[in-house]
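Participant: Quick one, coords_33.cif (mmCIF, C-alpha atoms):
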```cif
data_coords
loop_
_atom_site.label_atom_id
_atom_site.label_comp_id
_atom_site.auth_asym_id
_atom_site.auth_seq_id
_atom_site.Cartn_x
_atom_site.Cartn_y
_atom_site.Cartn_z
CA MET J 1 -27.31 -22.12 2.96
CA SER J 2 -25.38 -22.63 -0.26
CA LYS J 3 -22.08 -24.56 -0.27
CA TRP J 4 -20.51 -22.23 -2.87
CA PRO J 5 -19.40 -19.43 -0.52
CA LEU J 6 -17.65 -21.98 1.69
CA ALA J 7 -15.99 -23.63 -1.32
CA LEU J 8 -14.76 -20.28 -2.62
CA LEU J 9 -13.41 -19.38 0.80
CA LEU J 10 -11.52 -22.69 1.02
CA LEU J 11 -10.08 -22.25 -2.48
CA SER J 12 -8.84 -18.75 -1.68
CA CYS J 13 -7.15 -20.05 1.48
CA ALA J 14 -5.56 -22.99 -0.36
CA HIS J 15 -3.83 -20.56 -2.71
CA SER J 16 -1.82 -19.00 0.11
CA VAL J 17 -1.48 -22.14 2.20
CA PHE J 18 0.20 -24.05 -0.61
CA GLY J 19 2.48 -21.18 -1.62
CA TRP J 20 1.08 -20.81 -5.11
CA SER J 21 1.30 -17.05 -5.10
CA ASP J 22 3.06 -15.43 -8.04
CA THR J 23 3.60 -11.83 -7.01
CA ASP J 24 5.30 -10.70 -10.23
CA LEU J 25 2.86 -12.68 -12.46
CA ASP J 26 5.61 -14.37 -14.46
CA GLY J 27 4.12 -17.86 -14.12
CA VAL J 28 6.68 -19.07 -11.55
CA PRO J 29 5.47 -19.51 -7.95
CA ASP J 30 7.17 -17.13 -5.50
CA LEU J 31 8.68 -20.05 -3.57
CA LYS J 32 10.64 -21.10 -6.68
CA ASP J 33 11.20 -17.68 -8.25
CA ALA J 34 14.95 -16.93 -8.34
CA CYS J 35 14.27 -13.50 -9.84
CA PRO J 36 11.33 -11.95 -7.99
CA GLY J 37 10.05 -8.70 -9.45
CA THR J 38 10.47 -9.63 -13.12
CA PRO J 39 8.93 -6.86 -15.28
CA GLU J 40 5.55 -7.84 -16.71
CA GLY J 41 5.52 -9.38 -20.18
CA LEU J 42 9.10 -10.72 -20.25
CA ALA J 43 9.59 -14.38 -21.11
CA VAL J 44 11.19 -16.26 -18.20
CA LEU J 45 12.93 -19.56 -17.62
CA ALA J 46 11.64 -22.16 -15.16
CA ASN J 47 13.52 -20.38 -12.33
CA GLY J 48 11.70 -17.07 -13.00
CA CYS J 49 14.69 -15.26 -14.55
CA THR J 50 14.50 -13.59 -17.94
CA LYS J 51 15.66 -15.33 -21.09
CA GLU J 52 17.17 -12.14 -22.43
CA PRO J 53 20.90 -11.71 -21.84
CA LEU J 54 21.81 -9.31 -19.05
CA SER J 55 24.19 -6.47 -19.40
CA GLN J 56 27.62 -7.96 -19.03
CA LEU J 57 28.99 -8.32 -15.52
CA CYS J 58 32.49 -7.06 -14.88
CA LEU J 59 34.03 -8.80 -11.87
CA PRO J 60 37.30 -8.36 -10.00
CA THR J 61 39.96 -11.05 -10.24
CA ASP J 62 42.19 -12.39 -7.51
CA SER J 63 45.14 -10.58 -9.12
CA GLY J 64 43.45 -7.17 -8.90
CA SER J 65 42.45 -6.88 -12.56
CA LYS J 66 38.97 -7.22 -14.06
CA PHE J 67 37.19 -9.96 -15.99
CA PRO J 68 36.49 -9.91 -18.81
CA SER J 69 39.52 -7.78 -19.55
CA ASP J 70 37.67 -5.54 -22.01
CA CYS J 71 34.96 -4.47 -19.56
CA ALA J 72 34.80 -0.95 -18.14
CA ALA J 73 35.18 -1.32 -14.37
CA ALA J 74 34.98 -4.26 -12.01
CA ALA J 75 32.09 -4.21 -9.56
CA ARG J 76 32.03 -5.97 -6.22
CA ILE J 77 29.01 -8.24 -6.39
CA ALA J 78 27.81 -9.83 -3.14
CA VAL J 79 24.93 -11.68 -1.57
CA HIS J 80 24.04 -10.81 2.02
CA PHE J 81 22.98 -12.90 5.00
CA PRO J 82 21.02 -12.49 8.23
CA THR J 83 22.92 -12.16 11.51
CA GLY J 84 24.52 -15.42 12.65
CA SER J 85 23.13 -17.38 9.71
CA ALA J 86 24.38 -19.15 6.60
CA GLN J 87 20.81 -19.44 5.25
CA LEU J 88 20.63 -17.60 1.91
CA PRO J 89 17.54 -15.34 1.83
CA GLN J 90 15.26 -15.50 -1.21
CA SER J 91 15.91 -11.80 -1.80
CA GLN J 92 19.48 -12.71 -2.83
CA TRP J 93 18.55 -15.34 -5.42
CA SER J 94 18.50 -12.94 -8.37
CA THR J 95 22.16 -12.11 -7.74
CA LEU J 96 23.00 -15.82 -7.81
CA ALA J 97 21.05 -16.22 -11.06
CA ASN J 98 23.20 -13.45 -12.57
CA ILE J 99 26.41 -15.09 -11.31
CA ALA J 100 25.29 -18.44 -12.74
CA ARG J 101 24.69 -16.82 -16.13
CA PHE J 102 28.13 -15.23 -15.94
CA LEU J 103 29.72 -18.61 -15.21
CA LYS J 104 27.80 -20.23 -18.07
CA THR J 105 28.87 -17.43 -20.42
CA TYR J 106 32.51 -18.04 -19.47
CA PRO J 107 32.68 -21.83 -18.99
CA ASP J 108 36.47 -21.90 -18.52
CA THR J 109 36.47 -19.49 -15.57
CA HIS J 110 36.85 -20.46 -11.95
CA MET J 111 35.54 -18.35 -9.12
CA LEU J 112 36.39 -17.69 -5.50
CA LEU J 113 33.35 -17.40 -3.24
CA ALA J 114 34.69 -15.35 -0.33
CA GLY J 115 32.51 -15.41 2.76
CA TYR J 116 32.56 -12.68 5.42
CA ALA J 117 30.93 -11.88 8.75
CA ASP J 118 30.24 -8.62 10.54
CA LYS J 119 32.55 -7.66 13.41
CA ARG J 120 30.20 -8.89 16.12
CA GLY J 121 31.33 -12.21 17.53
CA THR J 122 34.74 -13.83 17.83
CA ASP J 123 37.02 -15.13 15.10
CA ALA J 124 36.31 -18.62 16.44
CA ALA J 125 32.65 -18.11 15.49
CA ASN J 126 32.95 -15.76 12.50
CA ILE J 127 35.46 -17.71 10.42
CA PRO J 128 33.42 -20.96 10.32
CA LEU J 129 30.23 -18.92 9.77
CA SER J 130 31.74 -17.04 6.84
CA LEU J 131 32.96 -20.35 5.34
CA ALA J 132 29.47 -21.84 5.78
CA ARG J 133 28.02 -18.84 3.92
CA ALA J 134 30.41 -19.33 1.01
CA ASP J 135 29.60 -23.04 0.98
CA ALA J 136 25.85 -22.33 0.97
CA VAL J 137 26.30 -20.16 -2.13
CA ARG J 138 28.41 -22.89 -3.74
CA GLN J 139 25.72 -25.49 -3.04
CA VAL J 140 23.06 -23.35 -4.73
CA LEU J 141 25.24 -22.67 -7.79
CA VAL J 142 26.06 -26.37 -8.13
CA GLY J 143 22.70 -27.85 -7.18
CA ASP J 144 20.25 -25.38 -8.70
CA TYR J 145 22.23 -23.96 -11.63
CA GLY J 146 24.42 -26.91 -12.64
CA ILE J 147 27.77 -25.16 -12.23
CA ALA J 148 30.62 -27.69 -11.85
CA ALA J 149 31.75 -27.80 -8.21
CA GLU J 150 35.44 -27.79 -9.18
CA ARG J 151 35.00 -24.31 -10.69
CA LEU J 152 34.05 -22.83 -7.30
CA LEU J 153 36.56 -22.35 -4.50
CA VAL J 154 35.18 -21.31 -1.11
CA SER J 155 36.94 -19.25 1.52
CA GLY J 156 35.90 -18.00 4.96
CA LYS J 157 37.46 -14.66 5.86
CA GLY J 158 35.53 -13.93 9.05
CA SER J 159 35.30 -10.22 9.85
CA SER J 160 38.80 -9.43 8.56
CA MET J 161 37.80 -7.29 5.56
CA PRO J 162 34.72 -5.16 6.26
CA VAL J 163 33.26 -3.12 3.41
CA SER J 164 31.62 -0.82 5.94
CA ARG J 165 33.11 0.59 9.12
CA GLU J 166 29.65 1.64 10.33
CA ASN J 167 28.63 -0.06 13.58
CA GLY J 168 24.88 0.11 12.92
CA GLU J 169 22.59 -2.46 11.33
CA LYS J 170 23.24 -1.24 7.76
CA GLY J 171 27.01 -1.54 8.15
CA ASN J 172 26.70 -4.97 9.72
CA TYR J 173 24.34 -6.09 6.92
CA LEU J 174 26.83 -4.99 4.26
CA ASN J 175 29.62 -6.92 5.98
CA ARG J 176 27.64 -10.21 6.21
CA ARG J 177 28.27 -11.29 2.65
CA VAL J 178 29.76 -13.61 0.07
CA GLU J 179 31.67 -11.85 -2.72
CA PHE J 180 32.45 -13.27 -6.17
CA VAL J 181 36.02 -13.04 -7.48
CA VAL J 182 37.26 -14.55 -10.73
CA LYS J 183 40.32 -16.74 -10.26
CA ASN J 184 43.22 -16.13 -12.63
CA GLU J 185 44.63 -19.41 -13.84
#
```
Step by step, read the file and then write its structure as structure tokens.
Facilitator:
Amino acid sequence: MSKWPLALLLLSCAHSVFGWSDTDLDGVPDLKDACPGTPEGLAVLANGCTKEPLSQLCLPTDSGSKFPSDCAAAARIAVHFPTGSAQLPQSQWSTLANIARFLKTYPDTHMLLAGYADKRGTDAANIPLSLARADAVRQVLVGDYGIAAERLLVSGKGSSMPVSRENGEKGNYLNRRVEFVVKNE
């Protein structure tokens, strides 16, 4: 019996065992791809995000206005977390890549990372959890994107400000979040 079929079988297994899959074929392994699902043919950076500038983000400020001031309407941008966890899912990385680009475009801005929890659990559990979520986002922005730590203020709000009043899984998912708010100086 030839050794080639066995060798080919082992090579095909090694591909998935070592995490070398590249689902969107952008040249960045899925395990390191901050922007999964990149359209085919676009040039990407080492993190898997496109080199082309994105449409400009328009974020709310802590004073209730929008930033930059000439943008159309502020959008609430958030990353979402699993129940009871401060572990940031890979599916949320593209949002962080966009926020990092925003912060690099406006190097003098500071941002509040406001963490929230769904209404399940007590304040004693939800407030530290929401703070841990905000801190996890801060760590990624500082460690992976090089944003200066002093530009990022973290806050844990617990379940005090739900975006959804729905009691089901979708409502709870929407409430387990970290939102990005530009700080007015």
Participant: Given the file above and the PyMOL selection byres ((chain J and resi 163-166) around 12), which residues are selected, and can you give them as a list of chain:residue names?
Facilitator: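 That selection, the PyMOL selection byres ((chain J and resi 163-166) around 12), comes back as J:Arg76, J:Ile77, J:Ala78, J:Tyr116, J:Ala117, J:Asp118, J:Lys119, J:Ser159, J:Ser160, J:Met161, J:Pro162, J:Asn167, J:Gly168, J:Glu169, J:Lys170, J:Gly171, J:Asn172, J:Tyr173, J:Leu174, J:Asn175, J:Arg176, J:Arg177, J:Val178, J:Glu179.
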Participant: Those selected residues, please, written with C-alpha atoms and delivered as a PDB file, in the frame of the given file.
Facilitator:
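The result, written out as part.pdb:
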```
ATOM      1  CA  ARG J  76      32.030  -5.970  -6.220  1.00  0.00           C
ATOM      2  CA  ILE J  77      29.010  -8.240  -6.390  1.00  0.00           C
ATOM      3  CA  ALA J  78      27.810  -9.830  -3.140  1.00  0.00           C
ATOM      4  CA  TYR J 116      32.560 -12.680   5.420  1.00  0.00           C
ATOM      5  CA  ALA J 117      30.930 -11.880   8.750  1.00  0.00           C
ATOM      6  CA  ASP J 118      30.240  -8.620  10.540  1.00  0.00           C
ATOM      7  CA  LYS J 119      32.550  -7.660  13.410  1.00  0.00           C
ATOM      8  CA  SER J 159      35.300 -10.220   9.850  1.00  0.00           C
ATOM      9  CA  SER J 160      38.800  -9.430   8.560  1.00  0.00           C
ATOM     10  CA  MET J 161      37.800  -7.290   5.560  1.00  0.00           C
ATOM     11  CA  PRO J 162      34.720  -5.160   6.260  1.00  0.00           C
ATOM     12  CA  ASN J 167      28.630  -0.060  13.580  1.00  0.00           C
ATOM     13  CA  GLY J 168      24.880   0.110  12.920  1.00  0.00           C
ATOM     14  CA  GLU J 169      22.590  -2.460  11.330  1.00  0.00           C
ATOM     15  CA  LYS J 170      23.240  -1.240   7.760  1.00  0.00           C
ATOM     16  CA  GLY J 171      27.010  -1.540   8.150  1.00  0.00           C
ATOM     17  CA  ASN J 172      26.700  -4.970   9.720  1.00  0.00           C
ATOM     18  CA  TYR J 173      24.340  -6.090   6.920  1.00  0.00           C
ATOM     19  CA  LEU J 174      26.830  -4.990   4.260  1.00  0.00           C
ATOM     20  CA  ASN J 175      29.620  -6.920   5.980  1.00  0.00           C
ATOM     21  CA  ARG J 176      27.640 -10.210   6.210  1.00  0.00           C
ATOM     22  CA  ARG J 177      28.270 -11.290   2.650  1.00  0.00           C
ATOM     23  CA  VAL J 178      29.760 -13.610   0.070  1.00  0.00           C
ATOM     24  CA  GLU J 179      31.670 -11.850  -2.720  1.00  0.00           C
TER      25      GLU J 179
END
```
Participant: Residues picked by the PyMOL selection byres ((chain J and resi 182) around 8) here, as a list in words?
Facilitator: Leu59, Pro60, Thr61, Asp62, Phe67, Thr109, His110, Met111, Leu112, Phe180, Val181, Lys183 and Asn184 of chain J
Participant: When you draw a straight line from atom CA of J:Ala75 to atom CA of J:Gly143, how long is it in Å?
Facilitator: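 One can read the atom CA of J:Ala75 to atom CA of J:Gly143 distance as 25.5 Å.
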Participant: I need the residue nearest J:Ala97 from this list: J:Asp70, J:Glu150, J:Asp33, J:Asp135. Use all atoms listed in the file for the distance.
Facilitator: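 Looking only at the distances to J:Ala97, the closest residue turns out to be J:Asp33.
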Participant: Got a sec: who's within 8 Å of J:Gly84, counting only C-alpha atoms, leaving out chain neighbours fewer than 2 positions off, as a PyMOL selection string?
Facilitator: chain J and resi 82+86+129
Participant: Measuring atom to atom with only C-alpha atoms, identify which of J:Ala136, J:Asp26, J:Pro68, J:Asn47 is nearest to J:Phe102.
Facilitator: J:Pro68
Participant: Which of these residues is nearest to J:Ser85, using all atoms listed in the file: J:Ala148, J:Leu57, J:Ala132, J:Val142?
Facilitator: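 With all atoms listed in the file as the atom set, the closest residue is J:Ala132.
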Participant: From the list J:Ala46, J:Gly158, J:Ala124, J:Thr83, which residue is nearest J:Ala34 when using only C-alpha atoms?
Facilitator: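 With only C-alpha atoms as the atom set, the closest residue is J:Ala46.
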Participant: Could you tell me which of J:Tyr145, J:Trp20, J:Cys71, J:Asn126 comes closest to J:Leu45 if we count all atoms listed in the file?
Facilitator: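 Selected residue with least distance to J:Leu45: J:Tyr145.
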Participant: Rank nothing, just name the residue among J:Ala74, J:Val79, J:Val28, J:Cys49 nearest to J:Arg133, using only C-alpha atoms.
Facilitator: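 Smallest distance to J:Arg133 is found for J:Val79.
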Participant: Could you state the separation of atom CA of J:Phe81 and atom CA of J:Trp93 in Å, given to one decimal place?
Facilitator: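 Here the two named atoms are 11.6 Å from each other.
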Participant: Using the chain letters and numbering of this document, enumerate as a PyMOL selection string the residues selected by the PyMOL selection byres ((chain J and resi 105) around 12).
Facilitator: chain J and resi 53-57+68+98-104+106-109+147
Participant: What's the separation between atom CA of J:Ser130 and atom CA of J:Ser69, in Å to one decimal place?
Facilitator: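 Interatomic distance here is 29.0 Å.
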Participant: So which residues touch J:Val154 within 8 Å, counting only C-alpha atoms, skipping near sequence neighbours fewer than 6 positions away, as a list in words?
Facilitator: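 Close residues of J:Val154: Leu112, Leu113, Ala114, Gly115, Leu131, Ala134, Asp135 and Arg138 of chain J.
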Participant: Complete the atoms of stretch 91-112 of chain J to N, CA and C atoms and put them out as a short mmCIF file (atom, residue, chain, number, x, y, z; two decimals), in the frame of the given file.
Facilitator:
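Produced file rebuild11.cif, reproduced below:
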```cif
data_model
loop_
_atom_site.label_atom_id
_atom_site.label_comp_id
_atom_site.auth_asym_id
_atom_site.auth_seq_id
_atom_site.Cartn_x
_atom_site.Cartn_y
_atom_site.Cartn_z
N SER J 91 15.64 -13.10 -1.19
CA SER J 91 15.91 -11.80 -1.80
C SER J 91 17.26 -11.75 -2.50
N GLN J 92 18.13 -12.70 -2.23
CA GLN J 92 19.48 -12.71 -2.83
C GLN J 92 19.57 -13.63 -4.05
N TRP J 93 18.51 -14.36 -4.34
CA TRP J 93 18.55 -15.34 -5.42
C TRP J 93 18.80 -14.73 -6.79
N SER J 94 18.30 -13.54 -7.04
CA SER J 94 18.50 -12.94 -8.37
C SER J 94 19.98 -12.67 -8.61
N THR J 95 20.71 -12.32 -7.58
CA THR J 95 22.16 -12.11 -7.74
C THR J 95 22.83 -13.43 -8.12
N LEU J 96 22.43 -14.52 -7.47
CA LEU J 96 23.00 -15.82 -7.81
C LEU J 96 22.64 -16.23 -9.24
N ALA J 97 21.43 -15.91 -9.67
CA ALA J 97 21.05 -16.22 -11.06
C ALA J 97 21.96 -15.47 -12.03
N ASN J 98 22.29 -14.22 -11.72
CA ASN J 98 23.20 -13.45 -12.57
C ASN J 98 24.61 -14.04 -12.57
N ILE J 99 25.08 -14.47 -11.41
CA ILE J 99 26.41 -15.09 -11.31
C ILE J 99 26.43 -16.40 -12.09
N ALA J 100 25.36 -17.18 -11.99
CA ALA J 100 25.29 -18.44 -12.74
C ALA J 100 25.34 -18.18 -14.24
N ARG J 101 24.63 -17.16 -14.70
CA ARG J 101 24.69 -16.82 -16.13
C ARG J 101 26.09 -16.40 -16.54
N PHE J 102 26.75 -15.63 -15.68
CA PHE J 102 28.13 -15.23 -15.94
C PHE J 102 29.02 -16.46 -16.09
N LEU J 103 28.89 -17.40 -15.15
CA LEU J 103 29.72 -18.61 -15.21
C LEU J 103 29.40 -19.47 -16.43
N LYS J 104 28.16 -19.48 -16.86
CA LYS J 104 27.80 -20.23 -18.07
C LYS J 104 28.28 -19.52 -19.33
N THR J 105 28.35 -18.19 -19.28
CA THR J 105 28.87 -17.43 -20.42
C THR J 105 30.36 -17.65 -20.58
N TYR J 106 31.06 -17.83 -19.47
CA TYR J 106 32.51 -18.04 -19.47
C TYR J 106 32.80 -19.41 -18.83
N PRO J 107 32.59 -20.49 -19.57
CA PRO J 107 32.68 -21.83 -18.99
C PRO J 107 34.07 -22.25 -18.54
N ASP J 108 35.11 -21.54 -18.93
CA ASP J 108 36.47 -21.90 -18.52
C ASP J 108 36.92 -21.14 -17.29
N THR J 109 36.07 -20.26 -16.75
CA THR J 109 36.47 -19.49 -15.57
C THR J 109 36.22 -20.28 -14.29
N HIS J 110 37.02 -19.95 -13.31
CA HIS J 110 36.85 -20.46 -11.95
C HIS J 110 36.61 -19.25 -11.06
N MET J 111 35.91 -19.48 -9.96
CA MET J 111 35.54 -18.35 -9.12
C MET J 111 35.79 -18.65 -7.66
N LEU J 112 36.25 -17.63 -6.95
CA LEU J 112 36.39 -17.69 -5.50
C LEU J 112 35.12 -17.11 -4.90
#
```
